[in-house]
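Report on the following structure.
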Amino acid sequence: MSQLKPNVSLAEVNEVLHRFWGKKAQDIVAAEGGNMSSVYFFAVDGKRYVIRFSSLEDAFDREQQIAALLTSQEIPYPKIWGIGKAGDFTYCVSERAEGIVFADLQPERKAALLPEIIHVITKMNQIELGETTGFGPMIGRYNGEFASWEQFVTSFYGEDQRGTFWENWHELFHSTCLERDVFEEIYTRMIACSAYNESHRHFVHNDCHPWNIISDGYRITGIIDAGFLYGDFMIDIASFEDAVPGEDVAEAFRVYYEESGKPIVHFEERLLGARYFKGLDALRFYAKMGWNDAYEQLRDRLLLLPKGAI
């Protein structure tokens with residue numbers, strides 16, 4: 001398996017930061033987590049920042065556009081100070097949101113913050129998109145790459161992924177725990193449900209799990225690392241729905257929208273399509289990473305879901 005997360009030494013981090021800022025950075029420390037990037041915290045002139053390194057050439061191509069779009073509409077997304085290339089790696093320097101990842105909060109704090117996180121995610125999903133068009137990832141000046149959600153989905157899970165993270169991904173059927181019959185079954189279910197997701201176009205973070213949400217324990221201070229798409233916001237709800245123990249998070253979102261006078265039409269059907277979309281992507285990612293236990297647990301959960309419209 002190829003190296004996904006780059007191994008960047010502290011000396012290399014120092015060198016990149018000195019070149020970027022034109023001065024020496026302080027308090028450089030490696031951050032835990034990060035499946036795709038090596039992350040370091042640091043300070044310059046008493047202010048705290050983050051630098052992420054990736055082995056993928058296009059890893060941060062849209063970061064500045066996305067950050068500008070979100071912060072202009074008061075979404076707590078960290079400001080991007082710059083992106084660049086250092087040797088074989090690309091890097092991104094951004095502000096550091098104060099606090100810890102939502103996943104590491106105590107259960108009672110997670111429950112207490114649920115109303116605010118629902119508000120923040122909803123506000124993010126409902127930002128004004130102006131005259132932009134298209135679905136899927138952003139290309140050009142804020143437009144989506146594909147004319148329809150179905151076109152994006154079939155492309156995203158197509159075999160030909162040259163030049164992307166998923167290049168030659170069908171080899172996973174032979175070299176990892178990824179099971180072709182399981183993948184095709186879940187793909188078929190996702191396509192059957194996607195008609196309900198098709199007509200809904202919003203800003204979708206697309207990686208809105210509790211490790212990408214920052215809190216100081218009392219408020220949400222940042223949403224980070226957007227894997228941005230234009231599509232159905234139910235994808236972000238499906239990504240976050242297991243984040244608060246003992247709470248039906250998806251139902252809490254449904255009630256919030258209803259009480260706001262904007263009930264979610266075809267809620268169950270769209271949630272099911274979103275679960276399949278995110279679940280299928282996670283299955284092949286777990287297989288590629290060699291996380292067999294996580295793969296098996298998710299596979300079994302997905303296969304227990306309804307096969308089509310509820």
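Going by the structure tokens order, chains are called A, B, ..., each with residues numbered from 1, while ligands are numbered from 1 in the order shown.
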Write out as a tab-separated table the residues of region 35-77 of chain A that have any atom within 12 Å of an atom of region 156-165 of chain A, one row each with the nearest atom pair and its distance in Å to one decimal, counting only C-alpha atoms, sorted by chain and then rising number.
```
residue	atom	partner	partner_atom	distance
A:Met36	CA	A:Phe165	CA	10.2
A:Ser54	CA	A:Phe165	CA	11.5
A:Ser55	CA	A:Phe165	CA	10.1
A:Leu56	CA	A:Phe165	CA	7.5
A:Glu57	CA	A:Thr164	CA	9.4
A:Asp58	CA	A:Thr164	CA	8.8
A:Ala59	CA	A:Phe165	CA	9.5
```
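Those residues that approach Ile139 (chain A) to within 10 Å, counting only C-alpha atoms, are A:Arg62, A:Glu145, A:Phe146; same-chain residues fewer than 6 positions away are not listed.
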Go ahead and save the picked residues with N, CA and C atoms, as an mmCIF file, in the first residue's frame.
```cif
data_model
loop_
_atom_site.group_PDB
_atom_site.id
_atom_site.type_symbol
_atom_site.label_atom_id
_atom_site.label_comp_id
_atom_site.auth_asym_id
_atom_site.auth_seq_id
_atom_site.Cartn_x
_atom_site.Cartn_y
_atom_site.Cartn_z
ATOM 1 N N ARG A 62 -8.545 23.881 -3.465
ATOM 2 C CA ARG A 62 -9.743 24.708 -3.311
ATOM 3 C C ARG A 62 -9.886 25.305 -1.911
ATOM 4 N N GLU A 145 -18.662 20.442 -10.914
ATOM 5 C CA GLU A 145 -18.062 19.813 -12.089
ATOM 6 C C GLU A 145 -19.081 19.094 -12.972
ATOM 7 N N PHE A 146 -20.190 18.623 -12.376
ATOM 8 C CA PHE A 146 -21.126 17.768 -13.105
ATOM 9 C C PHE A 146 -22.494 18.438 -13.224
#
```
(Q) So that I can check the surroundings of region 225-232 of chain A, please list as an NGL selection string every protein, DNA and RNA residue that reaches within 7 Å of it, counting only C-alpha atoms and ignoring chain neighbours fewer than 4 positions away. (A) :A and (135-138 or 144 or 149 or 197 or 200-207 or 212)
**Q.** A:Ala238, A:Leu271, A:Cys177, A:Ala103 ranked by distance to Asp293 (chain A), top pick (using only C-alpha atoms)
**A.**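 Selected residue with least distance to Asp293 (chain A): A:Cys177.
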Q. Which residue gives the smallest distance to Glu296 (chain A) among A:Ile100, A:Ala192, A:Ala274, A:Val182, with only C-alpha atoms counted?
A.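 Smallest separation from Glu296 (chain A) among the options: A:Val182.
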Q: State, in Å with one decimal place, the distance from CA of Leu129 (chain A) to CA of Trp211 (chain A).
A: 26.0 Å
Q: Fewer than 5 positions away in the same chain doesn't count, so skip those; otherwise give me all residues within 12 Å of Arg301 (chain A), counting only C-alpha atoms, as an MDAnalysis selection string.
A: chainID A and resid 182 186 275:276 279:280 283 294:296 306
File of the preceding selection, N, CA and C atoms, as a short mmCIF file (atom, residue, chain, number, x, y, z; two decimals), in the first residue's frame:
```cif
data_model
loop_
_atom_site.label_atom_id
_atom_site.label_comp_id
_atom_site.auth_asym_id
_atom_site.auth_seq_id
_atom_site.Cartn_x
_atom_site.Cartn_y
_atom_site.Cartn_z
N VAL A 182 -20.44 -7.24 -2.18
CA VAL A 182 -20.97 -6.30 -1.18
C VAL A 182 -20.98 -4.89 -1.76
N ILE A 186 -24.42 -2.55 -2.38
CA ILE A 186 -24.64 -1.25 -1.76
C ILE A 186 -24.69 -0.14 -2.81
N ARG A 275 -26.67 7.94 3.59
CA ARG A 275 -25.96 6.89 4.33
C ARG A 275 -25.23 5.95 3.38
N TYR A 276 -25.89 5.58 2.29
CA TYR A 276 -25.25 4.69 1.33
C TYR A 276 -24.09 5.39 0.62
N GLY A 279 -21.33 5.72 3.23
CA GLY A 279 -20.91 4.39 3.66
C GLY A 279 -20.08 3.68 2.62
N LEU A 280 -20.48 3.79 1.37
CA LEU A 280 -19.75 3.13 0.29
C LEU A 280 -18.34 3.69 0.17
N LEU A 283 -16.26 2.37 3.04
CA LEU A 283 -15.88 0.96 2.90
C LEU A 283 -14.59 0.83 2.10
N ALA A 294 -13.07 -2.10 11.14
CA ALA A 294 -13.97 -1.00 10.83
C ALA A 294 -14.76 -1.31 9.56
N TYR A 295 -14.09 -1.92 8.59
CA TYR A 295 -14.76 -2.31 7.35
C TYR A 295 -15.91 -3.27 7.63
N GLU A 296 -15.63 -4.30 8.40
CA GLU A 296 -16.65 -5.33 8.66
C GLU A 296 -17.83 -4.76 9.44
N PRO A 306 -32.55 -0.54 4.90
CA PRO A 306 -33.52 -0.87 3.83
C PRO A 306 -32.87 -0.78 2.46
#
```
Q | Nearest candidate to Phe240 (chain A) (options A:Tyr218, A:Phe102, A:Tyr77, A:Phe41; using only C-alpha atoms) | A | A:Phe102
Q) Quick one, how far is CA of Leu17 (chain A) from CA of Ser215 (chain A)? A)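 A separation of 26.1 Å between them.
Distances here use only C-alpha atoms; by that measure, the residue among A:Tyr196, A:Phe173, A:Phe183, A:Trp166 closest to Asp300 (chain A) is A:Phe183.
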Q.
Between CA of Lys110 (chain A) and CA of Asp242 (chain A), what is the distance in Å, rounded to a tenth?
A. 11.3 Å
Q.
Counting only C-alpha atoms, which residue out of A:Leu305, A:Ile51, A:Leu69, A:Met289 sits closest to Glu185 (chain A)?
A.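 Closest to Glu185 (chain A), using only C-alpha atoms: A:Leu305.
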(Q) Taking the DSSP secondary structure from the backbone, can you list the residues of region 71-283 of chain A that are strand (DSSP E), as number ranges by chain? (A) A: 80-86, 89-95, 100-101, 135-139, 143-146, 202-204, 213-215, 220-223, 229-231
Q: Give the alpha helix (DSSP H) residues of region 68-278 of chain A, as assigned by DSSP on the backbone, as a PyMOL selection string.
A: chain A and resi 68-71+107-125+149-156+172-175+180-197+234-240+249-259+267-278
